[in-house]
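Structure below is query-v7.cif: mmCIF, C-alpha atoms.
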data_input
#
loop_
_atom_site.label_atom_id
_atom_site.label_comp_id
_atom_site.auth_asym_id
_atom_site.auth_seq_id
_atom_site.Cartn_x
_atom_site.Cartn_y
_atom_site.Cartn_z
CA MET A 1 -3.06 89.96 42.80
CA THR A 2 -5.65 87.17 42.87
CA ASN A 3 -4.63 83.55 42.79
CA LYS A 4 -8.10 82.13 42.07
CA LEU A 5 -7.96 79.80 39.05
CA ALA A 6 -10.99 78.46 37.16
CA LEU A 7 -9.76 75.56 35.05
CA PHE A 8 -12.14 74.40 32.31
CA ASP A 9 -12.34 71.16 30.39
CA CYS A 10 -12.99 71.84 26.68
CA ASP A 11 -15.08 69.17 24.91
CA GLY A 12 -18.50 68.92 26.53
CA THR A 13 -17.82 71.83 28.89
CA MET A 14 -16.82 74.80 26.73
CA VAL A 15 -17.77 73.48 23.28
CA ASP A 16 -20.12 70.82 21.91
CA SER A 17 -17.81 68.75 19.73
CA GLN A 18 -19.48 65.34 19.78
CA HIS A 19 -20.36 65.38 16.06
CA ASN A 20 -16.72 65.87 15.04
CA ILE A 21 -15.43 63.26 17.48
CA CYS A 22 -17.96 60.62 16.43
CA ALA A 23 -17.41 61.28 12.71
CA SER A 24 -13.63 61.05 13.05
CA MET A 25 -13.85 57.85 15.10
CA ASP A 26 -16.20 56.33 12.50
CA GLN A 27 -13.74 56.93 9.66
CA ALA A 28 -10.78 55.67 11.70
CA PHE A 29 -12.49 52.35 12.42
CA GLU A 30 -13.78 52.02 8.86
CA LYS A 31 -10.28 52.59 7.49
CA HIS A 32 -9.20 49.48 9.40
CA ASP A 33 -12.26 47.48 8.30
CA LEU A 34 -13.69 47.58 11.80
CA THR A 35 -17.29 48.26 12.78
CA PRO A 36 -17.43 51.78 14.25
CA PRO A 37 -18.37 51.86 17.93
CA ASP A 38 -21.80 53.04 19.03
CA HIS A 39 -21.78 56.83 19.34
CA HIS A 40 -22.95 56.61 22.93
CA LYS A 41 -19.78 54.67 23.75
CA VAL A 42 -17.68 57.26 21.91
CA ARG A 43 -19.21 60.11 23.91
CA ARG A 44 -18.41 58.17 27.08
CA ILE A 45 -14.66 58.39 26.43
CA VAL A 46 -14.55 62.08 25.48
CA GLY A 47 -11.99 63.78 27.72
CA LEU A 48 -9.45 60.99 27.78
CA SER A 49 -6.28 61.30 25.75
CA LEU A 50 -6.89 59.88 22.27
CA GLN A 51 -4.77 56.77 22.70
CA GLU A 52 -6.47 55.90 25.99
CA ALA A 53 -9.90 56.57 24.45
CA VAL A 54 -9.23 54.13 21.60
CA ARG A 55 -7.90 51.57 24.06
CA GLN A 56 -11.12 51.76 26.07
CA LEU A 57 -13.22 51.37 22.92
CA LEU A 58 -11.18 48.29 21.92
CA PRO A 59 -9.85 46.84 25.19
CA GLU A 60 -8.73 43.58 23.53
CA ALA A 61 -6.83 45.28 20.69
CA GLU A 62 -3.08 44.93 20.41
CA HIS A 63 -0.91 48.00 20.92
CA ASP A 64 -0.07 48.40 17.22
CA LEU A 65 -3.73 48.51 16.26
CA VAL A 66 -4.48 51.06 18.98
CA MET A 67 -1.68 53.26 17.68
CA SER A 68 -2.81 52.89 14.05
CA LEU A 69 -6.39 53.81 14.95
CA THR A 70 -5.12 56.79 16.91
CA GLU A 71 -3.16 58.06 13.91
CA SER A 72 -6.11 57.44 11.57
CA TYR A 73 -8.35 59.45 13.88
CA LYS A 74 -5.87 62.34 13.90
CA HIS A 75 -5.57 62.37 10.11
CA GLY A 76 -9.33 62.16 9.69
CA PHE A 77 -9.95 64.99 12.11
CA VAL A 78 -7.43 67.22 10.32
CA ALA A 79 -8.99 66.37 6.95
CA LEU A 80 -12.43 67.22 8.32
CA ARG A 81 -11.10 70.56 9.60
CA GLU A 82 -9.40 71.39 6.29
CA ALA A 83 -12.64 70.61 4.46
CA GLY A 84 -14.51 73.04 6.70
CA GLY A 85 -16.44 70.24 8.37
CA ILE A 86 -15.51 71.01 11.97
CA HIS A 87 -18.31 72.50 14.04
CA GLU A 88 -17.52 73.14 17.69
CA PRO A 89 -20.01 75.74 18.97
CA LEU A 90 -19.56 77.31 22.38
CA TYR A 91 -22.21 76.42 24.91
CA ASP A 92 -24.64 79.27 25.56
CA GLY A 93 -23.45 81.75 28.14
CA LEU A 94 -19.77 80.75 28.21
CA VAL A 95 -18.38 84.10 27.03
CA ASN A 96 -20.54 85.98 29.51
CA LEU A 97 -19.34 83.65 32.28
CA ILE A 98 -15.72 84.32 31.33
CA ASP A 99 -16.37 88.07 31.41
CA ARG A 100 -17.96 87.88 34.86
CA LEU A 101 -15.22 85.70 36.31
CA GLU A 102 -12.49 87.98 35.00
CA ASP A 103 -14.30 90.98 36.48
CA ASP A 104 -14.27 89.15 39.82
CA GLY A 105 -10.52 88.59 39.62
CA TRP A 106 -10.38 84.97 38.49
CA MET A 107 -7.59 83.65 36.31
CA LEU A 108 -8.78 81.19 33.66
CA GLY A 109 -7.26 78.08 32.15
CA VAL A 110 -8.06 74.95 30.16
CA ALA A 111 -7.18 71.30 30.87
CA THR A 112 -8.30 69.06 28.01
CA GLY A 113 -7.79 65.72 26.32
CA LYS A 114 -7.45 67.60 23.03
CA SER A 115 -4.10 68.08 21.33
CA ASP A 116 -2.33 71.45 21.33
CA ARG A 117 -3.43 71.96 17.73
CA GLY A 118 -7.03 71.05 18.50
CA LEU A 119 -7.30 73.33 21.51
CA ASN A 120 -5.59 76.22 19.75
CA PHE A 121 -8.05 75.85 16.88
CA VAL A 122 -11.00 76.15 19.28
CA VAL A 123 -9.80 79.12 21.31
CA GLU A 124 -8.59 81.01 18.24
CA ALA A 125 -11.79 80.32 16.27
CA HIS A 126 -13.86 81.75 19.11
CA GLY A 127 -11.51 84.65 19.91
CA LEU A 128 -10.74 83.30 23.39
CA LYS A 129 -7.03 82.54 23.34
CA ASP A 130 -6.00 85.70 25.19
CA ARG A 131 -8.51 84.98 27.96
CA PHE A 132 -6.59 82.02 29.37
CA VAL A 133 -3.37 82.17 31.38
CA THR A 134 -2.66 78.45 31.01
CA LEU A 135 -3.57 75.82 28.39
CA GLN A 136 -2.91 72.17 29.20
CA THR A 137 -3.46 69.37 26.65
CA ALA A 138 -2.93 65.65 26.19
CA ASP A 139 0.21 66.33 24.13
CA ARG A 140 2.22 67.06 27.26
CA HIS A 141 0.54 65.03 29.99
CA PRO A 142 -0.69 61.59 30.96
CA SER A 143 -4.39 61.03 30.29
CA LYS A 144 -7.01 62.21 32.75
CA PRO A 145 -7.63 61.42 35.58
CA HIS A 146 -3.89 61.81 36.27
CA PRO A 147 -3.47 65.20 38.03
CA SER A 148 -0.53 66.38 35.91
CA MET A 149 -2.55 68.89 33.85
CA VAL A 150 -4.02 70.54 36.92
CA GLU A 151 -0.72 70.62 38.77
CA LEU A 152 1.13 72.34 35.92
CA ALA A 153 -1.76 74.76 35.33
CA ILE A 154 -1.63 75.79 38.99
CA SER A 155 2.13 76.28 38.76
CA GLU A 156 1.94 78.35 35.56
CA ALA A 157 -0.87 80.53 36.91
CA GLY A 158 0.71 81.05 40.31
CA ALA A 159 -2.44 79.70 41.96
CA ALA A 160 -2.88 77.13 44.73
CA MET A 161 -4.81 73.88 45.10
CA GLU A 162 -7.27 75.38 47.57
CA THR A 163 -8.07 78.34 45.29
CA THR A 164 -8.39 76.30 42.06
CA ALA A 165 -11.63 74.89 40.66
CA MET A 166 -11.62 72.19 37.97
CA ILE A 167 -14.79 72.45 35.91
CA GLY A 168 -15.84 69.60 33.64
CA ASP A 169 -18.56 67.37 32.26
CA THR A 170 -17.03 63.91 32.79
CA SER A 171 -16.08 61.67 35.66
CA PHE A 172 -12.48 61.87 34.36
CA ASP A 173 -12.46 65.61 35.10
CA MET A 174 -13.84 65.13 38.59
CA GLU A 175 -11.38 62.33 39.39
CA MET A 176 -8.53 64.49 38.11
CA ALA A 177 -9.58 67.33 40.39
CA VAL A 178 -9.80 65.01 43.38
CA ASN A 179 -6.37 63.60 42.57
CA ALA A 180 -4.94 67.12 42.38
CA GLY A 181 -6.62 68.30 45.58
CA THR A 182 -8.71 71.05 43.97
CA ARG A 183 -12.43 71.80 43.91
CA ALA A 184 -14.30 69.48 41.54
CA ILE A 185 -17.30 71.16 39.89
CA GLY A 186 -19.40 69.29 37.34
CA VAL A 187 -21.63 70.61 34.57
CA ASP A 188 -24.72 68.78 33.36
CA TRP A 189 -24.70 69.83 29.68
CA GLY A 190 -21.89 67.49 28.62
CA TYR A 191 -21.31 63.78 28.13
CA HIS A 192 -21.59 62.13 31.58
CA ASP A 193 -24.63 62.03 33.87
CA THR A 194 -24.94 64.05 37.06
CA ASP A 195 -24.92 60.94 39.25
CA GLU A 196 -21.65 59.83 37.68
CA LEU A 197 -20.06 63.22 38.34
CA ILE A 198 -21.10 63.16 41.99
CA THR A 199 -19.84 59.59 42.41
CA ALA A 200 -16.51 60.62 40.84
CA GLY A 201 -16.06 63.41 43.39
CA ALA A 202 -17.96 66.49 42.19
CA GLU A 203 -18.96 68.69 45.10
CA ILE A 204 -21.85 70.03 43.02
CA VAL A 205 -23.08 69.95 39.41
CA ALA A 206 -24.05 73.19 37.67
CA ALA A 207 -27.28 73.28 35.67
CA ASP A 208 -26.25 76.23 33.48
CA MET A 209 -23.62 78.98 33.21
CA ASP A 210 -25.42 81.28 35.66
CA HIS A 211 -25.54 78.47 38.20
CA LEU A 212 -21.85 77.79 37.62
CA TYR A 213 -21.05 81.45 38.27
CA ARG A 214 -22.96 81.36 41.53
CA ILE A 215 -21.12 78.21 42.62
CA LEU A 216 -17.75 79.79 41.91
CA SER A 217 -18.77 82.97 43.72
CA GLN A 218 -19.48 81.14 46.98
#
Have the structure of the file written as structure tokens, please.
Amino acid sequence: MTNKLALFDCDGTMVDSQHNICASMDQAFEKHDLTPPDHHKVRRIVGLSLQEAVRQLLPEAEHDLVMSLTESYKHGFVALREAGGIHEPLYDGLVNLIDRLEDDGWMLGVATGKSDRGLNFVVEAHGLKDRFVTLQTADRHPSKPHPSMVELAISEAGAAMETTAMIGDTSFDMEMAVNAGTRAIGVDWGYHDTDELITAGAEIVAADMDHLYRILSQ
């Protein structure tokens, strides 16, 4: 039995969710009579746990305000989903990549700053839930770049650090991989620049899904 594990980030790596995240952050700030942050700044914190993301957007805010904004974001995101306003398309070629990796004997997992509910919504909506042997979210772990998500994913999958690849679009993903002692592989279609990924520890940055497959096949 193989013990190779390909561990994917979700937002910015598997799905393009920036519209939903920016819209939900806008309404959370507006609810508290605050000027919403620039969307570029919001995209910069995608991948962190929600509380840590809000804290980085408002570094001078008191703890109670951070927690209130976090709850407002959650409620707004759920309301947007219930209204049918959530649009999180898969990046082109992802399903084919998953097929090819499974054919090659890879186990697959996800390590994301999303909540359990948010991640389940994505994988179920795209018919992917049964493709992953481990799903790690911010509900049960410290925020990236703490290695907890990767470490538990490896344990659940029966893999090993040296045969695990963390794949993501942000410096937080690369730092998490380095902290966990796994391969750190960046993708250039997400929310952080290639240079940032390399600086954060990425051994290489994939230009597309075919390139990512070739990297993992080496």
How close does each residue of stretch 34-147 of chain A get to stretch 5-11 of chain A, giving the shortest atom pair and distance in Å to one decimal for every residue with an atom at most 9 Å away, counting only C-alpha atoms, sorted by chain and residue number, as a Markdown table?
| residue | atom | partner | partner_atom | distance |
| --- | --- | --- | --- | --- |
| A:Val46 | CA | A:Asp11 | CA | 7.1 |
| A:Gly47 | CA | A:Asp11 | CA | 6.8 |
| A:Glu88 | CA | A:Asp11 | CA | 8.6 |
| A:Leu101 | CA | A:Ala6 | CA | 8.4 |
| A:Trp106 | CA | A:Leu5 | CA | 5.7 |
| A:Met107 | CA | A:Leu5 | CA | 4.7 |
| A:Leu108 | CA | A:Ala6 | CA | 5.0 |
| A:Gly109 | CA | A:Leu7 | CA | 4.6 |
| A:Val110 | CA | A:Phe8 | CA | 4.6 |
| A:Ala111 | CA | A:Asp9 | CA | 5.2 |
| A:Thr112 | CA | A:Asp9 | CA | 5.1 |
| A:Gly113 | CA | A:Cys10 | CA | 8.0 |
| A:Lys114 | CA | A:Cys10 | CA | 7.9 |
| A:Leu119 | CA | A:Cys10 | CA | 7.8 |
| A:Val122 | CA | A:Cys10 | CA | 8.8 |
| A:Thr134 | CA | A:Leu7 | CA | 8.7 |
A:Ala83, A:Ala53, A:Leu34, A:Ile167: which is nearest A:Ala184, counting all atoms listed in the file?
->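 With all atoms listed in the file as the atom set, the closest residue is A:Ile167.
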Output the residue selection produced by the PyMOL selection byres ((chain A and resi 194) around 12) on the file above, formatted as a list in words.
-> Gly168, Asp169, Thr170, Ser171, Met174, Ile185, Gly186, Val187, Asp188, Trp189, Gly190, Tyr191, His192, Asp193, Asp195, Glu196, Leu197, Ile198, Thr199, Ala200, Gly201, Ala202, Glu203, Ile204, Val205, Ala206 and Ala207 of chain A
Write a file of the selected residues as a CSV table (one decimal), in the frame of the given file, keeping C-alpha atoms.
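Output saved as again22.csv:
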chain,number,residue,atom,x,y,z
A,168,GLY,CA,-15.8,69.6,33.6
A,169,ASP,CA,-18.6,67.4,32.3
A,170,THR,CA,-17.0,63.9,32.8
A,171,SER,CA,-16.1,61.7,35.7
A,174,MET,CA,-13.8,65.1,38.6
A,185,ILE,CA,-17.3,71.2,39.9
A,186,GLY,CA,-19.4,69.3,37.3
A,187,VAL,CA,-21.6,70.6,34.6
A,188,ASP,CA,-24.7,68.8,33.4
A,189,TRP,CA,-24.7,69.8,29.7
A,190,GLY,CA,-21.9,67.5,28.6
A,191,TYR,CA,-21.3,63.8,28.1
A,192,HIS,CA,-21.6,62.1,31.6
A,193,ASP,CA,-24.6,62.0,33.9
A,195,ASP,CA,-24.9,60.9,39.2
A,196,GLU,CA,-21.6,59.8,37.7
A,197,LEU,CA,-20.1,63.2,38.3
A,198,ILE,CA,-21.1,63.2,42.0
A,199,THR,CA,-19.8,59.6,42.4
A,200,ALA,CA,-16.5,60.6,40.8
A,201,GLY,CA,-16.1,63.4,43.4
A,202,ALA,CA,-18.0,66.5,42.2
A,203,GLU,CA,-19.0,68.7,45.1
A,204,ILE,CA,-21.8,70.0,43.0
A,205,VAL,CA,-23.1,70.0,39.4
A,206,ALA,CA,-24.0,73.2,37.7
A,207,ALA,CA,-27.3,73.3,35.7
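Our summary of the geometry notes that atom CA of A:Glu124 is positioned 27.5 Å from atom CA of A:Ser217.
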May I ask which of the residues A:Leu57, A:Leu69, A:Leu128, A:Leu94 is the closest one to A:Glu30, counting only C-alpha atoms?
->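 Checking each of A:Leu57, A:Leu69, A:Leu128, A:Leu94 against A:Glu30, counting only C-alpha atoms, the winner is A:Leu69.
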Between A:Asp26, A:Glu62, A:Asp210, A:Asp104, which is the closest to A:Lys41 once you count only C-alpha atoms?
->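 Among A:Asp26, A:Glu62, A:Asp210, A:Asp104, it is A:Asp26 that comes nearest to A:Lys41.
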Just so the selection is clear, what residues does the PyMOL selection byres ((chain A and resi 144) around 9) cover here, as a ChimeraX atom specification?
-> /A:47-49,112-113,138,141-143,145-149,172-173,175-176
Return as a ChimeraX atom specification the set of residues that the PyMOL selection byres ((chain A and resi 85) around 12) yields on the displayed structure.
-> /A:17,19-21,23-24,76-84,86-88
Pick from A:His126, A:Phe121, A:Val133, A:Leu97 nearest to A:Arg214, counting only C-alpha atoms |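 Of A:His126, A:Phe121, A:Val133, A:Leu97, the one nearest A:Arg214, counting only C-alpha atoms, is A:Leu97.
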With 4 Å on each side, where is the centre of the axis-aligned box around all listed atoms of stretch 14-18 of chain A, and how long are its edges in Å to one decimal, as lines of an AutoDock Vina configuration file?
center_x = -18.5
center_y = 70.1
center_z = 23.2
size_x = 11.3
size_y = 17.5
size_z = 15.0
Which is closer to A:Ile98 than all the others in A:Met14, A:Ile215, A:Gln56, A:Asp33, using all atoms listed in the file?
->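 Ranked by minimum distance to A:Ile98, first place goes to A:Met14.
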Which residues come within 7 Å of A:Thr70, counting only C-alpha atoms, excluding same-chain residues fewer than 5 positions away, as a list in words?
-> Leu50, Gln51 and Val54 of chain A
If you measure from atom CA of A:Ala61 to atom CA of A:Asp116, what distance in Å do you get, rounded to one decimal?
->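 Rounded to one decimal, the two atoms are 26.6 Å apart.
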Could you work out how far atom CA of A:Tyr91 lies from atom CA of A:Ala180, giving the answer in Å with one decimal?
->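 These atoms are spaced 26.3 Å apart.
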